[in-house]
Structures are given as C-alpha cells and as structure tokens.
>>> print(open('upload-v2.cif').read())   # mmCIF, C-alpha atoms
data_structure
#
loop_
_atom_site.label_atom_id
_atom_site.label_comp_id
_atom_site.auth_asym_id
_atom_site.auth_seq_id
_atom_site.Cartn_x
_atom_site.Cartn_y
_atom_site.Cartn_z
CA MET A 1 -57.53 -86.08 -156.75
CA LYS A 2 -58.70 -87.48 -160.07
CA GLN A 3 -61.40 -90.05 -159.59
CA ILE A 4 -62.12 -92.85 -162.02
CA PRO A 5 -65.69 -92.76 -163.29
CA LEU A 6 -67.94 -95.44 -161.90
CA THR A 7 -67.89 -98.19 -164.47
CA LYS A 8 -68.10 -101.92 -164.16
CA THR A 9 -64.95 -103.63 -163.01
CA LYS A 10 -63.74 -106.17 -165.56
CA ILE A 11 -62.55 -109.40 -163.99
CA HIS A 12 -60.23 -111.54 -166.08
CA ILE A 13 -58.95 -114.95 -164.99
CA ASP A 14 -55.97 -116.09 -167.00
CA PHE A 15 -55.38 -119.77 -167.75
CA THR A 16 -52.07 -119.58 -165.86
CA PHE A 17 -53.98 -118.84 -162.65
CA PHE A 18 -55.78 -122.19 -162.88
CA ALA A 19 -52.50 -123.90 -163.81
CA VAL A 20 -50.80 -122.58 -160.67
CA ILE A 21 -53.78 -123.58 -158.48
CA ALA A 22 -53.66 -127.08 -159.99
CA MET A 23 -49.92 -127.31 -159.27
CA PHE A 24 -50.57 -126.19 -155.68
CA ILE A 25 -53.14 -128.93 -155.22
CA VAL A 26 -50.99 -131.64 -156.81
CA PHE A 27 -47.53 -130.84 -155.44
CA ASP A 28 -48.02 -128.95 -152.18
CA THR A 29 -48.42 -131.36 -149.29
CA THR A 30 -47.60 -128.75 -146.62
CA GLY A 31 -50.35 -126.21 -147.28
CA PHE A 32 -47.65 -123.56 -147.74
CA ALA A 33 -48.61 -122.68 -151.32
CA ILE A 34 -52.33 -122.28 -150.60
CA MET A 35 -51.49 -120.12 -147.57
CA SER A 36 -49.30 -117.99 -149.85
CA LEU A 37 -52.20 -117.58 -152.26
CA PHE A 38 -54.48 -116.45 -149.41
CA ALA A 39 -51.80 -114.02 -148.21
CA CYS A 40 -51.66 -112.55 -151.74
CA VAL A 41 -55.45 -112.17 -151.72
CA ILE A 42 -55.22 -110.37 -148.35
CA HIS A 43 -52.57 -108.09 -149.85
CA GLU A 44 -54.76 -107.15 -152.81
CA PHE A 45 -57.83 -106.67 -150.60
CA GLY A 46 -55.77 -104.15 -148.64
CA HIS A 47 -55.31 -102.16 -151.85
CA LEU A 48 -58.99 -102.51 -152.79
CA ILE A 49 -60.27 -101.38 -149.38
CA VAL A 50 -58.20 -98.19 -149.43
CA MET A 51 -59.13 -97.57 -153.07
CA ALA A 52 -62.83 -97.78 -152.08
CA LEU A 53 -62.28 -95.46 -149.11
CA LYS A 54 -60.59 -92.91 -151.40
CA GLY A 55 -63.35 -93.13 -154.00
CA TYR A 56 -61.48 -95.08 -156.66
CA LYS A 57 -63.03 -98.04 -158.43
CA PRO A 58 -60.80 -100.59 -160.11
CA THR A 59 -61.28 -100.80 -163.85
CA ALA A 60 -59.99 -104.37 -163.98
CA ILE A 61 -58.85 -107.20 -161.76
CA VAL A 62 -56.68 -109.81 -163.45
CA LEU A 63 -55.92 -113.13 -161.79
CA ARG A 64 -52.89 -114.78 -163.36
CA GLY A 65 -50.35 -117.41 -162.43
CA GLY A 66 -47.85 -114.91 -161.09
CA GLY A 67 -50.23 -112.80 -159.07
CA ILE A 68 -53.14 -110.44 -159.07
CA LYS A 69 -53.15 -107.10 -160.88
CA ILE A 70 -55.58 -104.31 -160.12
CA GLY A 71 -56.15 -101.80 -162.88
CA GLY A 72 -57.31 -98.27 -162.24
CA CYS A 73 -55.07 -97.13 -159.42
CA GLU A 74 -51.82 -96.80 -161.38
CA ASN A 75 -52.14 -93.04 -161.75
CA SER A 76 -53.68 -92.31 -158.36
CA ASN A 77 -50.27 -91.43 -156.85
CA SER A 78 -51.67 -92.32 -153.47
CA PHE A 79 -49.21 -93.40 -150.80
CA ALA A 80 -52.09 -94.96 -148.84
CA ILE A 81 -53.24 -97.14 -151.74
CA ILE A 82 -49.71 -98.32 -152.51
CA VAL A 83 -48.79 -99.33 -148.94
CA ALA A 84 -52.24 -100.73 -148.07
CA GLY A 85 -51.44 -104.22 -149.32
CA SER A 86 -48.29 -104.57 -147.22
CA VAL A 87 -50.07 -103.02 -144.22
CA ALA A 88 -52.85 -105.62 -144.55
CA ASN A 89 -50.25 -108.40 -144.54
CA LEU A 90 -48.50 -106.84 -141.54
CA ILE A 91 -51.79 -106.65 -139.60
CA VAL A 92 -52.46 -110.35 -140.26
CA PHE A 93 -48.89 -111.15 -139.16
CA ILE A 94 -49.27 -109.21 -135.88
CA VAL A 95 -52.66 -110.73 -135.07
CA LEU A 96 -51.63 -114.31 -135.81
CA TYR A 97 -48.07 -114.28 -134.54
CA PHE A 98 -48.42 -112.22 -131.38
CA MET A 99 -52.05 -112.70 -130.38
CA ILE A 100 -53.41 -116.03 -131.56
CA SER A 101 -50.22 -118.12 -131.66
CA VAL A 102 -49.04 -117.31 -128.14
CA PRO A 103 -49.06 -120.92 -126.86
CA TYR A 104 -47.34 -122.11 -130.11
CA THR A 105 -49.31 -125.35 -130.09
CA ASN A 106 -50.41 -125.13 -133.70
CA LEU A 107 -47.79 -124.40 -136.34
CA TYR A 108 -50.19 -123.36 -139.12
CA PRO A 109 -51.17 -119.92 -137.70
CA ILE A 110 -47.49 -119.13 -137.16
CA MET A 111 -46.64 -120.29 -140.67
CA PHE A 112 -49.48 -118.21 -142.15
CA ALA A 113 -48.29 -115.23 -140.09
CA VAL A 114 -44.73 -115.52 -141.42
CA ILE A 115 -46.00 -115.96 -144.99
CA ASN A 116 -47.99 -112.72 -144.64
CA LEU A 117 -44.95 -110.89 -143.28
CA SER A 118 -42.80 -112.23 -146.13
CA ILE A 119 -45.29 -111.26 -148.83
CA GLY A 120 -45.81 -107.81 -147.32
CA LEU A 121 -42.06 -107.13 -147.17
CA PHE A 122 -41.37 -108.75 -150.55
CA ASN A 123 -43.86 -106.39 -152.20
CA LEU A 124 -41.89 -103.43 -150.85
CA LEU A 125 -38.85 -104.34 -152.95
CA PRO A 126 -38.18 -101.59 -155.52
CA LEU A 127 -38.37 -103.93 -158.51
CA GLY A 128 -40.55 -104.44 -161.55
CA CYS A 129 -44.26 -104.28 -160.81
CA LEU A 130 -43.94 -104.43 -157.01
CA ASP A 131 -45.31 -101.76 -154.66
CA GLY A 132 -41.83 -100.70 -153.53
CA LYS A 133 -41.02 -99.33 -156.97
CA ARG A 134 -44.31 -97.41 -157.08
CA LEU A 135 -43.54 -95.93 -153.65
CA LEU A 136 -40.15 -94.71 -154.83
CA GLN A 137 -41.78 -93.18 -157.91
CA LEU A 138 -43.82 -90.93 -155.61
CA PHE A 139 -40.74 -89.35 -154.07
CA LEU A 140 -37.83 -89.70 -156.50
CA THR A 141 -37.01 -88.89 -160.09
CA VAL A 142 -37.35 -91.53 -162.79
CA ARG A 143 -33.57 -91.77 -163.05
CA ALA A 144 -33.11 -92.28 -159.27
CA VAL A 145 -35.78 -95.00 -159.24
CA LYS A 146 -34.07 -96.76 -162.15
CA VAL A 147 -30.69 -96.65 -160.37
CA ILE A 148 -32.20 -98.08 -157.17
CA GLU A 149 -34.01 -100.75 -159.18
CA ILE A 150 -30.79 -101.79 -160.93
CA ILE A 151 -28.87 -101.91 -157.63
CA THR A 152 -31.64 -104.02 -156.05
CA LEU A 153 -31.66 -106.32 -159.07
CA ILE A 154 -27.89 -106.81 -158.83
CA VAL A 155 -28.15 -107.58 -155.10
CA VAL A 156 -30.94 -110.11 -155.76
CA ILE A 157 -28.98 -111.81 -158.55
CA VAL A 158 -25.83 -111.98 -156.36
CA ALA A 159 -27.91 -113.45 -153.51
CA ILE A 160 -29.39 -116.09 -155.83
CA ILE A 161 -25.92 -116.99 -157.19
CA PHE A 162 -24.58 -117.19 -153.62
CA ALA A 163 -27.46 -119.46 -152.61
CA LEU A 164 -26.92 -121.70 -155.65
CA LYS A 165 -23.19 -121.89 -154.98
CA HIS A 166 -23.66 -122.88 -151.34
CA GLY A 167 -26.43 -125.40 -151.95
CA ASN A 168 -29.26 -123.36 -150.38
CA VAL A 169 -31.47 -123.36 -153.45
CA ASN A 170 -34.97 -122.02 -153.14
CA PHE A 171 -36.51 -122.58 -156.56
CA THR A 172 -39.68 -120.73 -155.57
CA LEU A 173 -37.68 -117.59 -154.81
CA ILE A 174 -35.76 -117.89 -158.07
CA ALA A 175 -38.97 -118.37 -160.06
CA THR A 176 -40.62 -115.45 -158.26
CA MET A 177 -37.69 -113.13 -158.91
CA PHE A 178 -37.64 -114.16 -162.59
CA TYR A 179 -41.35 -113.38 -162.75
CA VAL A 180 -40.94 -109.97 -161.10
CA ILE A 181 -38.09 -109.04 -163.42
CA THR A 182 -39.86 -110.10 -166.62
CA VAL A 183 -43.50 -109.17 -165.93
CA ASP A 184 -42.72 -105.46 -165.85
CA ALA A 185 -41.52 -105.62 -169.46
CA PHE A 186 -44.71 -107.40 -170.56
CA ASP A 187 -46.99 -105.03 -168.60
CA ARG A 188 -45.44 -102.03 -170.35
CA ARG A 189 -46.43 -103.50 -173.71
CA ARG A 190 -50.03 -104.38 -172.90
CA SER A 191 -52.34 -102.58 -170.54
CA ILE A 192 -55.22 -104.29 -168.80
CA VAL A 193 -57.21 -101.10 -168.21
#
>>> encode(input="upload-v2.cif", output="structure tokens")
Amino acid sequence: MKQIPLTKTKIHIDFTFFAVIAMFIVFDTTGFAIMSLFACVIHEFGHLIVMALKGYKPTAIVLRGGGIKIGGCENSNSFAIIVAGSVANLIVFIVLYFMISVPYTNLYPIMFAVINLSIGLFNLLPLGCLDGKRLLQLFLTVRAVKVIEIITLIVVIVAIIFALKHGNVNFTLIATMFYVITVDAFDRRRSIV
C-alpha cells in the first residue's frame, strides 16, 4: 500500500459552488436541495474517514457547483475507500428511515433518508467520475469498463428521452447526468492534485 506523504491538504472553493448554494437559497422552498447538499457532504466524509483509517491524507479537496472532489485517493485502489461514501449514505438512510422515522409524523427525516439512499446508489453508477466506475476499474479491464460505461450511458439517455416523451421531466436529473457525462472529460485534462 503506497501512502501519500503527510502534506497540507489544499482546499479550493470554486465560484460555481457559491452560485449553486445561492440558487438553493433563492429557488428551493422545500429544503430538498440543501438536504441533498448535506447528503453529498456525508458521502464525501465517508470517503475521508476511511482514507484516514487507511493512512491516506487527501492532497486536495475541491468544492464546486457539481460536487466535491477529493484528490489523493485516485491511485489507492482501495475497495473500502471507494465504497465508503455510499456506505455512509446507506447508514444514514437506515438510521433515519427505519429507526427515527417509525411514527412517520415528520416528513423531513424520511425525505433526508431517501435523499441519502438516492445519492449513495447514484454514485454507484458506472459513469464518468462516479464511484461505480472506479469500482469496476478494480476488477475489470479498461475495455470492459468502457463497454459497461457506454451501455449505462445509452440506458440513461434512453430513460431521459422516455421521460421527456411522456411528460415526466426531471430537470435536476437531466442536469446531473449532463454534469456526470461532461465532468470526466474536463477532469482528464486538468488534475487538482
């Protein structure tokens, strides 16, 4: 196991992060968007906790409009680090949905539970910069991962077209999928670490 030397972690906050937070505050009257942001933070803390337990220190943490990127664990090839984010979201889902929300009197814990489950599962998709693609890279050849990624991309595009055709438009999902598809190309060109 190659450990990253102990250096200071660079924290970069992109302008787009503040733009998204401002949009959340202005347009979100349900609290859904802020809960999604907290669920993303829980996801990334899951990665960071397991990185710390395994002796890795992130070289950079970048907060941007489309998410949070942790630099320094890309080459760790650690199954535990990769799945830790989704496991953290799953733990929050189980605690809130099955333990705290039993009487179902307050909708917000249930909503936050479902958001955590959705973000945890979404990150396991084998696309772009998501954890699912990194998991596949541990076990499959580059060519097999690319084939699975293309098939998943086609399924997602067909699902979006189907939703648009039948009037069930979720613009957040469409924007998120566009982000996931395009961010991988940009991340290959510029490294944050």
>>> residues_near_point(input="upload-v2.cif", point="(-36.0, -93.8, -160.4)", cutoff="12 Å", atoms="only C-alpha atoms", output="PyMOL selection string")
chain A and resi 126-128+132-152
>>> closest_residue(input="upload-v2.cif", among="A:Phe32, A:Phe45, A:Phe98, A:Phe15", to="Ile115 of chain A", atoms="all atoms listed in the file")
A:Phe32
>>> resolve_selection(input="upload-v2.cif", expression="the PyMOL selection byres ((chain A and resi 42) around 12)", output="compact mmCIF listing (two decimals) with C-alpha atoms, keeping the file's coordinate frame")
# COMPACT_ATOMS: atom_id res chain seq x y z
CA MET A 35 -51.49 -120.12 -147.57
CA SER A 36 -49.30 -117.99 -149.85
CA LEU A 37 -52.20 -117.58 -152.26
CA PHE A 38 -54.48 -116.45 -149.41
CA ALA A 39 -51.80 -114.02 -148.21
CA CYS A 40 -51.66 -112.55 -151.74
CA VAL A 41 -55.45 -112.17 -151.72
CA HIS A 43 -52.57 -108.09 -149.85
CA GLU A 44 -54.76 -107.15 -152.81
CA PHE A 45 -57.83 -106.67 -150.60
CA GLY A 46 -55.77 -104.15 -148.64
CA HIS A 47 -55.31 -102.16 -151.85
CA LEU A 48 -58.99 -102.51 -152.79
CA ILE A 49 -60.27 -101.38 -149.38
CA ILE A 68 -53.14 -110.44 -159.07
CA ALA A 84 -52.24 -100.73 -148.07
CA GLY A 85 -51.44 -104.22 -149.32
CA SER A 86 -48.29 -104.57 -147.22
CA VAL A 87 -50.07 -103.02 -144.22
CA ALA A 88 -52.85 -105.62 -144.55
CA ASN A 89 -50.25 -108.40 -144.54
CA LEU A 90 -48.50 -106.84 -141.54
CA ILE A 91 -51.79 -106.65 -139.60
CA VAL A 92 -52.46 -110.35 -140.26
CA PHE A 93 -48.89 -111.15 -139.16
CA PHE A 112 -49.48 -118.21 -142.15
CA ALA A 113 -48.29 -115.23 -140.09
CA ILE A 115 -46.00 -115.96 -144.99
CA ASN A 116 -47.99 -112.72 -144.64
CA LEU A 117 -44.95 -110.89 -143.28
CA ILE A 119 -45.29 -111.26 -148.83
CA GLY A 120 -45.81 -107.81 -147.32
>>> residues_around(input="upload-v2.cif", residues="Pro109 of chain A", least_positions_apart="4", cutoff="8 Å", atoms="all atoms listed in the file", output="PyMOL selection string")
chain A and resi 96-97+100-101+113
>>> atom_distance(input="upload-v2.cif", atom1="atom CA of Val50 of chain A", atom2="atom CA of Phe17 of chain A")
24.9 Å
>>> atom_distance(input="upload-v2.cif", atom1="atom CA of Thr9 of chain A", atom2="atom CA of Ile81 of chain A")
17.5 Å
>>> atom_distance(input="upload-v2.cif", atom1="atom CA of Asp131 of chain A", atom2="atom CA of Ile82 of chain A")
6.0 Å
>>> axis_aligned_box(input="upload-v2.cif", around="segment 33-52 of chain A", padding_each_side="4 Å", output="JSON")
{"center_x": -55.7, "center_y": -110.1, "center_z": -150.3, "size_x": 22.2, "size_y": 33.1, "size_z": 13.5}
>>> resolve_selection(input="upload-v2.cif", expression="the PyMOL selection byres ((chain A and resi 61) around 8)", output="ChimeraX atom specification")
/A:9-12,58-60,62-63,68-71
>>> build_atoms(input="upload-v2.cif", residues="segment 137-169 of chain A", atoms="N, CA and C atoms", output="PDB file, in the coordinates of the input")
ATOM      1  N   GLN A 137     -41.377 -94.085-156.838  1.00  0.00           N
ATOM      2  CA  GLN A 137     -41.780 -93.180-157.910  1.00  0.00           C
ATOM      3  C   GLN A 137     -42.535 -91.960-157.388  1.00  0.00           C
ATOM      4  N   LEU A 138     -43.126 -92.083-156.196  1.00  0.00           N
ATOM      5  CA  LEU A 138     -43.820 -90.930-155.610  1.00  0.00           C
ATOM      6  C   LEU A 138     -42.852 -89.858-155.142  1.00  0.00           C
ATOM      7  N   PHE A 139     -41.644 -90.272-154.740  1.00  0.00           N
ATOM      8  CA  PHE A 139     -40.740 -89.350-154.070  1.00  0.00           C
ATOM      9  C   PHE A 139     -39.455 -89.045-154.833  1.00  0.00           C
ATOM     10  N   LEU A 140     -39.101 -89.865-155.806  1.00  0.00           N
ATOM     11  CA  LEU A 140     -37.830 -89.700-156.500  1.00  0.00           C
ATOM     12  C   LEU A 140     -38.024 -89.501-157.992  1.00  0.00           C
ATOM     13  N   THR A 141     -36.966 -89.052-158.642  1.00  0.00           N
ATOM     14  CA  THR A 141     -37.010 -88.890-160.090  1.00  0.00           C
ATOM     15  C   THR A 141     -36.976 -90.257-160.768  1.00  0.00           C
ATOM     16  N   VAL A 142     -37.344 -90.283-162.027  1.00  0.00           N
ATOM     17  CA  VAL A 142     -37.350 -91.530-162.790  1.00  0.00           C
ATOM     18  C   VAL A 142     -35.950 -92.138-162.820  1.00  0.00           C
ATOM     19  N   ARG A 143     -34.961 -91.292-162.988  1.00  0.00           N
ATOM     20  CA  ARG A 143     -33.570 -91.770-163.050  1.00  0.00           C
ATOM     21  C   ARG A 143     -33.143 -92.394-161.710  1.00  0.00           C
ATOM     22  N   ALA A 144     -33.470 -91.755-160.596  1.00  0.00           N
ATOM     23  CA  ALA A 144     -33.110 -92.280-159.270  1.00  0.00           C
ATOM     24  C   ALA A 144     -33.790 -93.624-159.019  1.00  0.00           C
ATOM     25  N   VAL A 145     -35.051 -93.732-159.411  1.00  0.00           N
ATOM     26  CA  VAL A 145     -35.780 -95.000-159.240  1.00  0.00           C
ATOM     27  C   VAL A 145     -35.115 -96.087-160.063  1.00  0.00           C
ATOM     28  N   LYS A 146     -34.716 -95.771-161.275  1.00  0.00           N
ATOM     29  CA  LYS A 146     -34.070 -96.760-162.150  1.00  0.00           C
ATOM     30  C   LYS A 146     -32.743 -97.224-161.546  1.00  0.00           C
ATOM     31  N   VAL A 147     -31.968 -96.285-160.994  1.00  0.00           N
ATOM     32  CA  VAL A 147     -30.690 -96.650-160.370  1.00  0.00           C
ATOM     33  C   VAL A 147     -30.922 -97.575-159.183  1.00  0.00           C
ATOM     34  N   ILE A 148     -31.888 -97.239-158.327  1.00  0.00           N
ATOM     35  CA  ILE A 148     -32.200 -98.080-157.170  1.00  0.00           C
ATOM     36  C   ILE A 148     -32.692 -99.450-157.614  1.00  0.00           C
ATOM     37  N   GLU A 149     -33.505 -99.473-158.662  1.00  0.00           N
ATOM     38  CA  GLU A 149     -34.010-100.750-159.180  1.00  0.00           C
ATOM     39  C   GLU A 149     -32.874-101.621-159.698  1.00  0.00           C
ATOM     40  N   ILE A 150     -31.929-101.029-160.398  1.00  0.00           N
ATOM     41  CA  ILE A 150     -30.790-101.790-160.930  1.00  0.00           C
ATOM     42  C   ILE A 150     -29.918-102.309-159.791  1.00  0.00           C
ATOM     43  N   ILE A 151     -29.672-101.472-158.780  1.00  0.00           N
ATOM     44  CA  ILE A 151     -28.870-101.910-157.630  1.00  0.00           C
ATOM     45  C   ILE A 151     -29.573-103.066-156.912  1.00  0.00           C
ATOM     46  N   THR A 152     -30.879-102.946-156.707  1.00  0.00           N
ATOM     47  CA  THR A 152     -31.640-104.020-156.050  1.00  0.00           C
ATOM     48  C   THR A 152     -31.592-105.288-156.882  1.00  0.00           C
ATOM     49  N   LEU A 153     -31.721-105.158-158.177  1.00  0.00           N
ATOM     50  CA  LEU A 153     -31.660-106.320-159.070  1.00  0.00           C
ATOM     51  C   LEU A 153     -30.308-107.011-158.980  1.00  0.00           C
ATOM     52  N   ILE A 154     -29.232-106.239-158.943  1.00  0.00           N
ATOM     53  CA  ILE A 154     -27.890-106.810-158.830  1.00  0.00           C
ATOM     54  C   ILE A 154     -27.744-107.550-157.494  1.00  0.00           C
ATOM     55  N   VAL A 155     -28.224-106.939-156.417  1.00  0.00           N
ATOM     56  CA  VAL A 155     -28.150-107.580-155.100  1.00  0.00           C
ATOM     57  C   VAL A 155     -28.935-108.896-155.097  1.00  0.00           C
ATOM     58  N   VAL A 156     -30.120-108.896-155.709  1.00  0.00           N
ATOM     59  CA  VAL A 156     -30.940-110.110-155.760  1.00  0.00           C
ATOM     60  C   VAL A 156     -30.235-111.196-156.576  1.00  0.00           C
ATOM     61  N   ILE A 157     -29.675-110.833-157.703  1.00  0.00           N
ATOM     62  CA  ILE A 157     -28.980-111.810-158.550  1.00  0.00           C
ATOM     63  C   ILE A 157     -27.761-112.379-157.813  1.00  0.00           C
ATOM     64  N   VAL A 158     -26.996-111.515-157.135  1.00  0.00           N
ATOM     65  CA  VAL A 158     -25.830-111.980-156.360  1.00  0.00           C
ATOM     66  C   VAL A 158     -26.292-112.928-155.244  1.00  0.00           C
ATOM     67  N   ALA A 159     -27.389-112.594-154.579  1.00  0.00           N
ATOM     68  CA  ALA A 159     -27.910-113.450-153.510  1.00  0.00           C
ATOM     69  C   ALA A 159     -28.336-114.809-154.052  1.00  0.00           C
ATOM     70  N   ILE A 160     -28.974-114.821-155.218  1.00  0.00           N
ATOM     71  CA  ILE A 160     -29.390-116.090-155.830  1.00  0.00           C
ATOM     72  C   ILE A 160     -28.167-116.915-156.219  1.00  0.00           C
ATOM     73  N   ILE A 161     -27.151-116.286-156.819  1.00  0.00           N
ATOM     74  CA  ILE A 161     -25.920-116.990-157.190  1.00  0.00           C
ATOM     75  C   ILE A 161     -25.234-117.553-155.944  1.00  0.00           C
ATOM     76  N   PHE A 162     -25.177-116.745-154.881  1.00  0.00           N
ATOM     77  CA  PHE A 162     -24.580-117.190-153.620  1.00  0.00           C
ATOM     78  C   PHE A 162     -25.325-118.404-153.065  1.00  0.00           C
ATOM     79  N   ALA A 163     -26.652-118.342-153.106  1.00  0.00           N
ATOM     80  CA  ALA A 163     -27.460-119.460-152.610  1.00  0.00           C
ATOM     81  C   ALA A 163     -27.237-120.710-153.455  1.00  0.00           C
ATOM     82  N   LEU A 164     -27.172-120.559-154.780  1.00  0.00           N
ATOM     83  CA  LEU A 164     -26.920-121.700-155.650  1.00  0.00           C
ATOM     84  C   LEU A 164     -25.543-122.303-155.404  1.00  0.00           C
ATOM     85  N   LYS A 165     -24.556-121.438-155.194  1.00  0.00           N
ATOM     86  CA  LYS A 165     -23.190-121.890-154.980  1.00  0.00           C
ATOM     87  C   LYS A 165     -23.033-122.652-153.668  1.00  0.00           C
ATOM     88  N   HIS A 166     -23.793-122.253-152.662  1.00  0.00           N
ATOM     89  CA  HIS A 166     -23.660-122.880-151.340  1.00  0.00           C
ATOM     90  C   HIS A 166     -24.740-123.933-151.066  1.00  0.00           C
ATOM     91  N   GLY A 167     -25.484-124.307-152.092  1.00  0.00           N
ATOM     92  CA  GLY A 167     -26.430-125.400-151.950  1.00  0.00           C
ATOM     93  C   GLY A 167     -27.744-125.045-151.278  1.00  0.00           C
ATOM     94  N   ASN A 168     -27.997-123.787-151.000  1.00  0.00           N
ATOM     95  CA  ASN A 168     -29.260-123.360-150.380  1.00  0.00           C
ATOM     96  C   ASN A 168     -30.196-122.851-151.458  1.00  0.00           C
ATOM     97  N   VAL A 169     -30.664-123.743-152.300  1.00  0.00           N
ATOM     98  CA  VAL A 169     -31.470-123.360-153.450  1.00  0.00           C
ATOM     99  C   VAL A 169     -32.945-123.298-153.057  1.00  0.00           C
TER     100      VAL A 169
END
